[in-house]
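Trainee: For reference, the file my_file-v7.txt (compact mmCIF, C-alpha atoms and all ligand atoms) is included below:
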```txt
# COMPACT_ATOMS: atom_id res chain seq x y z
CA MET A 1 -4.33 -31.53 -9.83
CA SER A 2 -2.41 -28.31 -10.44
CA ALA A 3 -1.96 -25.77 -7.68
CA ALA A 4 -4.23 -23.34 -9.56
CA ASP A 5 -6.98 -25.98 -9.79
CA ALA A 6 -6.77 -26.47 -6.02
CA VAL A 7 -7.61 -22.81 -5.30
CA ARG A 8 -11.12 -22.81 -3.84
CA GLU A 9 -13.14 -19.69 -4.57
CA ASP A 10 -15.73 -20.47 -1.89
CA ARG A 11 -13.14 -21.02 0.83
CA LEU A 12 -11.26 -17.84 -0.07
CA TRP A 13 -14.49 -15.82 -0.07
CA GLN A 14 -15.64 -17.27 3.26
CA ARG A 15 -12.31 -16.31 4.82
CA HIS A 16 -12.91 -12.69 3.68
CA VAL A 17 -16.38 -12.83 5.23
CA ASP A 18 -14.98 -14.18 8.51
CA MET A 19 -12.20 -11.59 8.66
CA ALA A 20 -14.62 -8.73 7.83
CA LYS A 21 -16.46 -9.42 11.10
CA LEU A 22 -13.35 -8.39 13.06
CA GLY A 23 -13.70 -4.63 13.26
CA GLY A 24 -16.75 -4.73 10.99
CA THR A 25 -18.62 -1.42 10.63
CA PRO A 26 -22.40 -0.89 10.25
CA LYS A 27 -21.87 0.27 6.65
CA GLY A 28 -20.21 -3.03 5.71
CA GLY A 29 -16.59 -1.94 5.88
CA VAL A 30 -13.95 -2.52 8.55
CA ASN A 31 -12.10 -0.45 11.11
CA ARG A 32 -9.15 -2.63 12.10
CA GLN A 33 -6.41 -0.30 13.26
CA ALA A 34 -2.87 -1.57 13.51
CA LEU A 35 -2.11 -3.30 16.85
CA SER A 36 -5.69 -2.86 18.09
CA PRO A 37 -7.81 -5.62 19.69
CA GLU A 38 -9.39 -6.14 16.22
CA ASP A 39 -5.93 -6.62 14.71
CA ALA A 40 -5.15 -9.17 17.44
CA ALA A 41 -8.39 -11.01 16.65
CA ALA A 42 -7.45 -11.18 12.96
CA ARG A 43 -4.02 -12.53 13.87
CA ASN A 44 -5.60 -15.21 16.06
CA LEU A 45 -8.00 -16.23 13.32
CA LEU A 46 -5.22 -16.54 10.74
CA ALA A 47 -3.11 -18.50 13.25
CA SER A 48 -6.00 -20.88 13.97
CA TRP A 49 -6.36 -21.64 10.25
CA ALA A 50 -2.60 -22.15 9.98
CA ASN A 51 -2.58 -24.52 12.93
CA ALA A 52 -5.46 -26.52 11.48
CA ARG A 53 -3.39 -27.08 8.31
CA GLY A 54 -0.18 -27.92 10.17
CA PHE A 55 1.68 -24.80 9.01
CA SER A 56 4.02 -23.19 11.52
CA ILE A 57 3.61 -19.56 12.57
CA PHE A 58 6.07 -17.05 14.00
CA THR A 59 6.35 -13.33 14.56
CA ASP A 60 9.19 -10.82 14.80
CA ALA A 61 10.08 -7.79 16.90
CA ILE A 62 7.83 -5.41 14.90
CA GLY A 63 4.94 -7.88 14.99
CA ASN A 64 4.97 -9.12 11.39
CA LEU A 65 3.13 -12.46 11.39
CA PHE A 66 4.46 -15.32 9.24
CA VAL A 67 2.81 -18.62 8.24
CA ARG A 68 5.31 -21.13 6.87
CA ARG A 69 4.86 -24.24 4.74
CA GLU A 70 8.08 -26.24 4.61
CA GLY A 71 9.92 -27.10 1.40
CA THR A 72 11.94 -30.19 0.60
CA ASP A 73 15.29 -28.38 0.91
CA PRO A 74 15.65 -27.12 4.47
CA ALA A 75 18.61 -24.93 3.49
CA ALA A 76 16.84 -23.12 0.63
CA LEU A 77 15.77 -19.51 1.07
CA PRO A 78 11.98 -19.17 1.22
CA VAL A 79 9.67 -17.37 -1.17
CA MET A 80 7.02 -15.18 0.40
CA SER A 81 3.65 -13.62 -0.35
CA GLY A 82 1.28 -11.49 1.69
CA SER A 83 0.08 -8.01 2.53
CA HIS A 84 -1.50 -6.40 5.59
CA MET A 85 -4.52 -6.94 7.87
CA ASP A 86 -4.83 -3.42 9.30
CA SER A 87 -7.28 -0.99 7.69
CA GLN A 88 -8.18 2.67 7.41
CA PRO A 89 -10.70 3.90 10.05
CA THR A 90 -13.43 3.67 7.40
CA GLY A 91 -11.75 0.98 5.34
CA GLY A 92 -12.95 -1.86 3.18
CA ARG A 93 -12.87 -5.64 3.44
CA PHE A 94 -10.26 -6.27 0.74
CA ASP A 95 -7.44 -3.70 0.94
CA GLY A 96 -4.51 -5.69 2.32
CA MET A 97 -6.60 -8.54 3.64
CA TYR A 98 -6.95 -9.95 0.14
CA GLY A 99 -3.17 -10.26 -0.20
CA VAL A 100 -2.90 -12.09 3.12
CA LEU A 101 -5.79 -14.46 2.37
CA ALA A 102 -4.62 -15.08 -1.22
CA ALA A 103 -1.19 -16.04 0.15
CA PHE A 104 -2.79 -18.33 2.72
CA GLU A 105 -5.07 -19.86 0.07
CA ALA A 106 -1.95 -20.49 -2.02
CA LEU A 107 -0.44 -22.45 0.87
CA GLU A 108 -3.65 -24.44 1.25
CA ALA A 109 -3.87 -25.09 -2.49
CA LEU A 110 -0.31 -26.42 -2.53
CA GLU A 111 -1.22 -28.65 0.39
CA ASP A 112 -4.46 -29.86 -1.21
CA ALA A 113 -2.75 -30.54 -4.54
CA GLY A 114 -0.02 -32.47 -2.72
CA ILE A 115 2.70 -30.34 -4.29
CA ARG A 116 6.08 -30.33 -2.60
CA THR A 117 8.19 -27.29 -3.40
CA LYS A 118 11.94 -27.09 -2.99
CA ARG A 119 11.79 -23.83 -1.05
CA PRO A 120 9.54 -23.05 1.90
CA VAL A 121 6.58 -20.80 1.03
CA ILE A 122 5.63 -18.18 3.61
CA ALA A 123 2.44 -16.14 3.90
CA VAL A 124 3.00 -12.85 5.74
CA ALA A 125 0.75 -10.26 7.39
CA TRP A 126 2.86 -7.10 7.65
CA THR A 127 2.32 -4.82 10.65
CA ASN A 128 0.80 -1.36 10.14
CA GLU A 129 0.72 -0.82 6.40
CA GLU A 130 -1.96 1.86 6.50
CA GLY A 131 -0.20 4.31 8.77
CA SER A 132 -3.52 5.72 9.95
CA ARG A 133 -2.95 5.04 13.65
CA PHE A 134 0.86 4.93 13.80
CA GLN A 135 3.01 6.79 11.25
CA PRO A 136 4.69 6.00 8.95
CA GLY A 137 2.76 3.40 6.98
CA ALA A 138 4.25 0.21 5.51
CA MET A 139 6.11 0.07 8.81
CA GLY A 140 6.47 -3.69 9.27
CA SER A 141 7.88 -4.26 5.80
CA ALA A 142 10.14 -1.19 6.07
CA VAL A 143 11.63 -2.49 9.32
CA PHE A 144 11.96 -5.97 7.80
CA ALA A 145 13.88 -4.48 4.85
CA GLY A 146 16.03 -2.32 7.11
CA HIS A 147 14.60 0.94 5.76
CA ASN A 148 13.19 2.08 9.12
CA LYS A 149 14.91 1.58 12.45
CA LEU A 150 13.17 -0.86 14.79
CA GLU A 151 14.10 1.15 17.90
CA GLU A 152 12.62 4.36 16.44
CA MET A 153 9.42 2.67 15.29
CA LEU A 154 8.82 1.09 18.71
CA GLU A 155 8.73 4.60 20.25
CA VAL A 156 6.19 6.04 17.77
CA LYS A 157 2.97 7.29 19.43
CA ASP A 158 -0.57 7.19 18.09
CA TRP A 159 -2.95 10.19 18.21
CA LYS A 160 -3.91 9.33 21.80
CA GLY A 161 -0.30 9.08 22.96
CA VAL A 162 -0.15 5.27 23.10
CA VAL A 163 3.41 4.12 22.41
CA LEU A 164 3.71 1.51 19.66
CA LYS A 165 5.79 -0.91 21.72
CA ASP A 166 3.03 -1.02 24.36
CA ALA A 167 0.33 -1.60 21.74
CA LEU A 168 2.53 -4.30 20.18
CA ALA A 169 3.06 -6.01 23.55
CA GLU A 170 -0.72 -5.99 24.17
CA THR A 171 -1.35 -7.40 20.70
CA LEU A 172 1.18 -10.20 21.09
CA LYS A 173 -0.25 -11.02 24.52
CA ALA A 174 -3.72 -11.33 23.02
CA ALA A 175 -2.45 -13.08 19.88
CA PRO A 176 0.66 -15.00 20.89
CA ALA A 177 3.05 -16.45 18.31
CA PRO A 178 6.58 -17.84 18.64
CA MET A 179 9.05 -14.94 18.48
CA ARG A 180 11.88 -15.00 15.95
CA GLU A 181 14.62 -13.43 18.02
CA GLY A 182 16.92 -10.72 16.75
CA ARG A 183 16.43 -7.99 14.22
CA PRO A 184 13.45 -8.38 11.85
CA GLY A 185 14.38 -9.54 8.37
CA PHE A 186 15.67 -12.75 6.83
CA GLY A 187 16.83 -13.96 3.44
CA LEU A 188 14.21 -14.34 0.73
CA ASP A 189 14.42 -15.73 -2.79
CA GLY A 190 11.27 -14.00 -4.07
CA TYR A 191 8.19 -12.01 -3.02
CA VAL A 192 4.83 -11.60 -4.74
CA GLU A 193 1.99 -9.51 -3.33
CA ALA A 194 -1.62 -9.77 -4.47
CA HIS A 195 -3.80 -6.69 -3.93
CA ILE A 196 -7.00 -5.11 -5.19
CA GLU A 197 -6.16 -2.43 -7.73
CA GLN A 198 -7.70 0.46 -5.74
CA GLY A 199 -8.29 2.23 -9.06
CA PRO A 200 -10.66 1.79 -12.02
CA ARG A 201 -8.34 0.76 -14.87
CA LEU A 202 -8.89 -3.02 -14.79
CA GLU A 203 -12.65 -2.69 -14.46
CA ASN A 204 -12.83 -0.12 -17.26
CA ALA A 205 -10.80 -2.42 -19.51
CA ALA A 206 -12.85 -5.50 -18.49
CA THR A 207 -9.58 -7.15 -17.51
CA THR A 208 -9.07 -9.59 -14.63
CA ILE A 209 -5.35 -9.47 -13.87
CA GLY A 210 -3.12 -6.43 -13.47
CA VAL A 211 0.53 -7.33 -14.11
CA VAL A 212 2.16 -4.72 -11.90
CA THR A 213 5.39 -3.40 -13.40
CA ALA A 214 6.25 -0.68 -10.89
CA ILE A 215 5.07 1.43 -7.98
CA GLN A 216 5.10 5.07 -8.89
CA GLY A 217 7.32 7.49 -7.02
CA SER A 218 5.77 10.25 -4.95
CA ARG A 219 6.92 13.68 -3.89
CA ARG A 220 5.35 16.17 -1.52
CA TYR A 221 5.83 19.91 -1.47
CA ILE A 222 4.67 22.93 0.48
CA VAL A 223 4.12 26.19 -1.36
CA SER A 224 4.18 29.32 0.83
CA VAL A 225 2.91 32.62 -0.52
CA ALA A 226 3.57 35.84 1.39
CA GLY A 227 1.51 38.98 0.74
CA GLU A 228 0.33 41.80 2.94
CA GLU A 229 -2.66 41.92 5.25
CA ALA A 230 -5.02 44.81 4.52
CA HIS A 231 -8.54 46.05 5.24
CA ALA A 232 -11.04 44.25 3.03
CA GLY A 233 -13.27 47.31 2.72
CA THR A 234 -10.83 50.14 2.10
CA THR A 235 -7.91 48.70 0.14
CA PRO A 236 -8.19 49.12 -3.68
CA ARG A 237 -7.34 46.06 -5.80
CA ALA A 238 -4.24 47.67 -7.25
CA ALA A 239 -2.82 48.24 -3.78
CA ARG A 240 -3.35 44.70 -2.56
CA LYS A 241 -0.83 41.93 -2.11
CA ASP A 242 -3.43 39.21 -1.78
CA ALA A 243 -1.65 35.98 -0.93
CA PHE A 244 -4.65 33.78 -1.69
CA ALA A 245 -5.18 35.35 -5.11
CA ALA A 246 -1.51 34.74 -5.93
CA ALA A 247 -1.77 31.15 -4.66
CA LEU A 248 -4.76 30.62 -6.94
CA ARG A 249 -2.82 31.82 -9.99
CA ILE A 250 0.08 29.57 -9.06
CA ALA A 251 -2.21 26.60 -8.48
CA GLN A 252 -4.06 27.11 -11.77
CA ALA A 253 -0.79 27.25 -13.71
CA MET A 254 0.39 24.11 -11.93
CA TYR A 255 -2.77 22.15 -12.80
CA GLU A 256 -2.22 23.06 -16.45
CA ALA A 257 1.50 22.24 -16.40
CA THR A 258 0.92 18.82 -14.87
CA THR A 259 -1.74 17.65 -17.32
CA ASP A 260 -0.25 14.88 -19.46
CA ALA A 261 -1.74 13.24 -22.52
CA ASP A 262 -1.89 9.69 -21.14
CA ASP A 263 -3.06 10.75 -17.65
CA THR A 264 -0.22 9.08 -15.78
CA LEU A 265 1.05 12.01 -13.72
CA ARG A 266 -0.91 12.50 -10.50
CA PHE A 267 -1.04 16.04 -9.10
CA THR A 268 -3.07 16.92 -6.01
CA ILE A 269 -3.43 20.02 -3.88
CA GLY A 270 -4.97 18.54 -0.75
CA ARG A 271 -4.64 21.20 1.90
CA VAL A 272 -4.80 24.99 1.77
CA GLU A 273 -4.33 27.38 4.69
CA VAL A 274 -5.15 31.04 4.36
CA GLY A 275 -3.88 33.51 6.96
CA PRO A 276 -4.90 35.28 9.06
CA GLY A 277 -8.21 33.57 8.18
CA SER A 278 -10.45 36.55 8.84
CA PRO A 279 -13.37 37.28 6.50
CA ASN A 280 -12.64 40.99 6.35
CA THR A 281 -8.86 40.99 6.05
CA VAL A 282 -7.03 40.57 2.72
CA PRO A 283 -4.97 37.37 3.19
CA GLY A 284 -1.34 38.04 4.04
CA SER A 285 -0.24 34.44 3.73
CA THR A 286 -1.34 31.23 2.00
CA THR A 287 0.29 27.83 2.10
CA PHE A 288 -0.76 24.73 0.21
CA THR A 289 0.47 21.16 -0.15
CA ILE A 290 1.26 19.30 -3.36
CA ASP A 291 1.32 15.52 -3.76
CA MET A 292 2.80 14.52 -7.14
CA ARG A 293 3.32 10.94 -8.38
CA HIS A 294 4.66 9.21 -11.47
CA PRO A 295 6.48 5.92 -12.22
CA SER A 296 9.50 7.77 -13.71
CA ASN A 297 11.96 9.81 -11.67
CA ALA A 298 12.94 11.77 -14.79
CA VAL A 299 9.34 12.87 -15.30
CA LEU A 300 9.08 13.86 -11.63
CA ASP A 301 12.31 15.86 -11.95
CA ALA A 302 11.07 17.66 -15.05
CA HIS A 303 7.78 18.60 -13.42
CA GLU A 304 9.49 19.66 -10.23
CA ASP A 305 11.43 22.18 -12.34
CA LYS A 306 8.20 23.40 -13.92
CA LEU A 307 6.57 23.88 -10.50
CA GLY A 308 9.58 25.90 -9.34
CA ARG A 309 9.37 28.19 -12.37
CA ILE A 310 5.65 28.73 -11.90
CA VAL A 311 6.14 29.72 -8.28
CA SER A 312 8.70 32.37 -9.26
CA THR A 313 6.79 33.75 -12.25
CA HIS A 314 3.19 33.79 -10.95
CA ALA A 315 3.58 35.21 -7.44
CA ALA A 316 3.86 38.96 -8.09
CA PRO A 317 3.03 41.25 -6.37
CA CYS A 318 3.44 38.67 -3.59
CA THR A 319 6.47 36.49 -3.02
CA ALA A 320 6.38 32.67 -2.95
CA ARG A 321 8.59 29.67 -2.48
CA ILE A 322 8.22 25.92 -2.91
CA GLU A 323 9.83 23.41 -0.59
CA ARG A 324 10.15 19.66 -1.18
CA VAL A 325 9.11 17.80 1.96
CA THR A 326 9.44 14.14 0.94
CA ALA A 327 10.57 12.14 -2.09
CA VAL A 328 9.90 8.42 -2.40
CA PRO A 329 11.58 7.03 -5.52
CA PRO A 330 9.63 4.75 -7.89
CA THR A 331 9.99 0.99 -7.46
CA ASP A 332 10.57 -1.06 -10.60
CA PHE A 333 9.59 -4.67 -10.10
CA ASP A 334 11.88 -7.51 -11.20
CA PRO A 335 11.37 -8.28 -14.92
CA MET A 336 11.65 -12.02 -14.20
CA VAL A 337 8.71 -11.88 -11.75
CA VAL A 338 6.71 -9.46 -13.93
CA ASP A 339 7.11 -11.78 -16.93
CA LEU A 340 6.16 -14.78 -14.81
CA VAL A 341 2.94 -13.12 -13.61
CA ARG A 342 1.98 -12.20 -17.19
CA ASP A 343 2.86 -15.67 -18.48
CA ARG A 344 0.87 -17.52 -15.81
CA ALA A 345 -2.14 -15.23 -16.27
CA ARG A 346 -2.04 -16.04 -19.99
CA SER A 347 -1.70 -19.78 -19.54
CA LEU A 348 -4.66 -19.71 -17.15
CA GLY A 349 -6.65 -17.98 -19.90
CA LEU A 350 -7.10 -14.78 -17.89
CA THR A 351 -7.30 -11.34 -19.48
CA ASN A 352 -4.39 -9.23 -18.27
CA MET A 353 -2.61 -5.93 -18.73
CA ASP A 354 0.63 -4.36 -17.57
CA MET A 355 0.22 -1.40 -15.24
CA PRO A 356 2.08 0.59 -12.60
CA SER A 357 0.64 0.81 -9.10
CA GLY A 358 -0.73 4.21 -8.13
CA ALA A 359 -0.60 3.45 -4.41
CA GLY A 360 2.33 2.42 -2.24
CA HIS A 361 2.48 -1.16 -0.94
CA ASP A 362 4.64 -3.32 1.33
CA ALA A 363 6.16 -4.80 -1.85
CA MET A 364 8.08 -1.55 -2.45
CA HIS A 365 10.26 -2.29 0.58
CA VAL A 366 10.64 -6.02 -0.08
CA ALA A 367 11.64 -5.23 -3.69
CA GLN A 368 14.99 -4.00 -2.36
CA LEU A 369 15.67 -7.47 -0.90
CA CYS A 370 14.77 -10.01 -3.56
CA PRO A 371 13.02 -10.42 -6.95
CA THR A 372 9.56 -8.97 -6.34
CA GLY A 373 6.30 -8.42 -8.17
CA MET A 374 2.61 -7.75 -7.60
CA ILE A 375 -0.71 -9.02 -8.94
CA PHE A 376 -3.76 -6.72 -9.08
CA VAL A 377 -7.40 -7.74 -9.34
CA PRO A 378 -10.28 -5.33 -10.05
CA CYS A 379 -12.33 -3.66 -7.35
CA GLU A 380 -15.77 -2.22 -7.96
CA ARG A 381 -15.61 1.24 -9.58
CA GLY A 382 -12.01 1.42 -8.37
CA ILE A 383 -13.18 2.54 -4.95
CA SER A 384 -10.90 1.81 -1.97
CA HIS A 385 -10.19 3.33 1.46
CA ASN A 386 -13.97 3.33 1.73
CA GLU A 387 -16.46 1.07 3.51
CA ILE A 388 -18.20 0.25 0.22
CA GLU A 389 -15.00 -1.21 -1.28
CA ASN A 390 -15.98 -4.39 -3.14
CA ALA A 391 -14.55 -7.18 -5.29
CA THR A 392 -16.00 -10.36 -6.79
CA PRO A 393 -15.25 -13.86 -5.48
CA ALA A 394 -14.31 -14.92 -9.02
CA ASP A 395 -11.74 -12.15 -9.50
CA LEU A 396 -10.22 -12.76 -6.06
CA ALA A 397 -9.86 -16.45 -6.89
CA ALA A 398 -8.42 -15.70 -10.36
CA GLY A 399 -5.68 -13.53 -8.85
CA THR A 400 -4.95 -16.29 -6.34
CA ARG A 401 -4.61 -18.87 -9.12
CA VAL A 402 -2.00 -16.72 -10.80
CA LEU A 403 -0.30 -16.18 -7.44
CA VAL A 404 -0.01 -19.85 -6.55
CA GLU A 405 1.37 -20.71 -10.00
CA VAL A 406 3.98 -17.96 -9.74
CA LEU A 407 4.91 -18.98 -6.18
CA THR A 408 5.26 -22.62 -7.23
CA GLU A 409 7.61 -21.64 -10.05
CA LEU A 410 9.70 -19.41 -7.75
CA ALA A 411 9.75 -22.00 -4.99
CA ASN A 412 11.23 -24.60 -7.30
CA ARG A 413 13.96 -22.36 -8.74
ZN ZN A 501 -3.21 -2.09 1.06
```
Written as structure tokens, that's how I'd like the structure from this file.
Mentor:
Amino acid sequence: MSAADAVREDRLWQRHVDMAKLGGTPKGGVNRQALSPEDAAARNLLASWANARGFSIFTDAIGNLFVRREGTDPAALPVMSGSHMDSQPTGGRFDGMYGVLAAFEALEALEDAGIRTKRPVIAVAWTNEEGSRFQPGAMGSAVFAGHNKLEEMLEVKDWKGVVLKDALAETLKAAPAPMREGRPGFGLDGYVEAHIEQGPRLENAATTIGVVTAIQGSRRYIVSVAGEEAHAGTTPRAARKDAFAAALRIAQAMYEATTDADDTLRFTIGRVEVGPGSPNTVPGSTTFTIDMRHPSNAVLDAHEDKLGRIVSTHAAPCTARIERVTAVPPTDFDPMVVDLVRDRARSLGLTNMDMPSGAGHDAMHVAQLCPTGMIFVPCERGISHNEIENATPADLAAGTRVLVEVLTELANR
């Protein structure tokens, strides 16, 4: 029996059902905040399954949870797969959890098929990917990769003032696992993350497997427009410096300048503040945020220039400036892993297409450490970060079959 043949759709689906009860919401979604009692319950459930199969578990100083199946060469660097078990406050049953359960199913399939791999294979549940309770998101993988400082992350507070290290201590008390001492992070020979697409492209193309080539880069900006406050009843139009009206002209020009033929560039104005915010005063100030994403840094650079020009040419009679707040560069996945995912999808007879990821994932941090790739499966209508998020048992299993074949190949390199 091949590893792919040993993937059991019913078992994988039942595990999703069992996990969805932990933090389950009345509308059928989940609210499983990072390092909450629900997170601890999910950790315990995963650990109980691991123990039943004879896999070892361990955790690290930021609370990442690892499930390890030994290889035949004790000195070989492991390959790893996984995602996260925390959710948005009104999250779905599959975002993150699918990647963890697919990785665990891969371990079980290897076990059931009696396949010995040279390298150990590890399933991981990264701490706090969502960033909804503790900021920033993708924290566990960022600390693992050395991109965020452990000491700083342990001091982060949630909205209620709870310090992360206290929440982590509570979680590890409720869901104990052997601690790997020292700084998080260890050598890896490869990493593959399975995830629901969280967008509609696969479903629209009636395609089962997304071969993820990259994670697009993202940049955030704040545009500040300064005008002059004036009486809404007495001030003629020509005498106004209406900051909101200028912001509207700027925004409209930006929407037009960021429309691309193949609809790859993502441009969002998500927050607007108008000051002083009085119904009968002409606005003297307006600020708005921009979130812009694309897989190519060159394209982001070019559009950043365009935004800057628009701000300087469309503000009159007000003044305006644009400030870049954050810039996360795109992640290009390793061609060897990308090719392997595509090849295994094909040999399993699964429809597939290459695509960049629109959302950020833990894989973007791990990609700096070792050859890395991702596998997407469709989700219903592309809806995610929503309680109605849905995926089919067959698609989840198909992605897992590709995953276990890729992991087997990497683990025997
Ligand atoms: Zn996710």
Trainee: With a distance cut-off of 6 Å and all atoms listed in the file, select the neighbouring residues of range 383-386 of chain A, excluding the residue or stretch itself and same-chain residues fewer than 3 positions from it, and output the selection as a list in words.
Mentor: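 In the requested format, the answer is Thr90, Gly91, Gly92, Gln198 and Glu389 of chain A.
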Trainee: Just write the chosen residues, C-alpha atoms, as a PDB file, in the frame of the given file.
Mentor:
```pdb
ATOM      1  CA  THR A  90     -13.430   3.670   7.400  1.00  0.00           C
ATOM      2  CA  GLY A  91     -11.750   0.980   5.340  1.00  0.00           C
ATOM      3  CA  GLY A  92     -12.950  -1.860   3.180  1.00  0.00           C
ATOM      4  CA  GLN A 198      -7.700   0.460  -5.740  1.00  0.00           C
ATOM      5  CA  GLU A 389     -15.000  -1.210  -1.280  1.00  0.00           C
TER       6      GLU A 389
END
```
Trainee: Neighbouring residues of ligand ZN 501 (chain A) are defined here as those with any atom at most 7 Å from a ligand atom, counting only C-alpha atoms and all ligand atoms; list them as a PDB file with C-alpha atoms, keeping the file's coordinate frame.
Mentor:
```pdb
ATOM      1  CA  SER A  83       0.080  -8.010   2.530  1.00  0.00           C
ATOM      2  CA  HIS A  84      -1.500  -6.400   5.590  1.00  0.00           C
ATOM      3  CA  ASP A  95      -7.440  -3.700   0.940  1.00  0.00           C
ATOM      4  CA  GLY A  96      -4.510  -5.690   2.320  1.00  0.00           C
ATOM      5  CA  GLU A 129       0.720  -0.820   6.400  1.00  0.00           C
ATOM      6  CA  GLU A 130      -1.960   1.860   6.500  1.00  0.00           C
ATOM      7  CA  HIS A 195      -3.800  -6.690  -3.930  1.00  0.00           C
ATOM      8  CA  HIS A 361       2.480  -1.160  -0.940  1.00  0.00           C
TER       9      HIS A 361
END
```
Trainee: So that I can see what lies close to range 255-268 of chain A, please list as a ChimeraX atom specification the residues with an atom at most 9 Å from it, counting only C-alpha atoms and leaving out residues fewer than 4 positions away in the same chain.
Mentor: /A:218,250-251,289-295,299-300,303,306-307,310,358
Trainee: Identify, on the basis of only C-alpha atoms, every residue whose closest approach to Lys27 in chain A does not exceed 9 Å; exclude the query and any residue fewer than 3 positions from it along the same chain; express the result as an NGL selection string.
Mentor: :A and (24 or 30 or 387-388)
Trainee: Which neighbours of range 219-229 of chain A fall inside 6 Å, counting only C-alpha atoms, when residues of the same chain fewer than 6 positions from it are skipped, and could you give them as a VMD selection string?
Mentor: chain A and resid 241 to 243 282 to 292 318 to 327
Trainee: Go ahead and find all residues with at least one atom no further than 12 Å from (-0.9, -16.3, 22.2) in the file's coordinates, using only C-alpha atoms; report them as a list in words.
Mentor: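 Residues satisfying the cut-off, written out: Ala40, Ala41, Arg43, Asn44, Leu45, Ala47, Ser48, Ile57, Phe58, Thr59, Ala169, Glu170, Thr171, Leu172, Lys173, Ala174, Ala175, Pro176, Ala177, Pro178 and Met179 of chain A.
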Trainee: Quick check, in Å to one decimal: how far apart do CA of Arg342 in chain A and CA of Arg8 in chain A lie?
Mentor: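 The value is 21.5 Å.
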Trainee: Mind checking which residues fall within 12 Å of Gly161 in chain A, counting all atoms listed in the file, ignoring those fewer than 5 positions away in the same chain, and posting them as an MDAnalysis selection string?
Mentor: chainID A and resid 133:134 155:156 166:167
Trainee: I need every residue sitting at most 9 Å from the point (-9.9, -8.4, -17.3) (coordinates as in the file, all atoms listed in the file considered), written as a PyMOL selection string.
Mentor: chain A and resi 202-210+350-353+377-378+395
Trainee: Please produce an output containing C-alpha atoms for each residue in the selection, written as a short mmCIF file (atom, residue, chain, number, x, y, z; two decimals), keeping the file's coordinate frame.
Mentor:
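Resulting contents of part.cif:
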```cif
data_model
loop_
_atom_site.label_atom_id
_atom_site.label_comp_id
_atom_site.auth_asym_id
_atom_site.auth_seq_id
_atom_site.Cartn_x
_atom_site.Cartn_y
_atom_site.Cartn_z
CA LEU A 202 -8.89 -3.02 -14.79
CA GLU A 203 -12.65 -2.69 -14.46
CA ASN A 204 -12.83 -0.12 -17.26
CA ALA A 205 -10.80 -2.42 -19.51
CA ALA A 206 -12.85 -5.50 -18.49
CA THR A 207 -9.58 -7.15 -17.51
CA THR A 208 -9.07 -9.59 -14.63
CA ILE A 209 -5.35 -9.47 -13.87
CA GLY A 210 -3.12 -6.43 -13.47
CA LEU A 350 -7.10 -14.78 -17.89
CA THR A 351 -7.30 -11.34 -19.48
CA ASN A 352 -4.39 -9.23 -18.27
CA MET A 353 -2.61 -5.93 -18.73
CA VAL A 377 -7.40 -7.74 -9.34
CA PRO A 378 -10.28 -5.33 -10.05
CA ASP A 395 -11.74 -12.15 -9.50
#
```
Trainee: At what distance in Å, to one decimal, does CA of Gly131 in chain A lie from CA of Leu150 in chain A?
Mentor: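 Interatomic distance, CA of Leu150 in chain A to CA of Gly131 in chain A: 15.5 Å.
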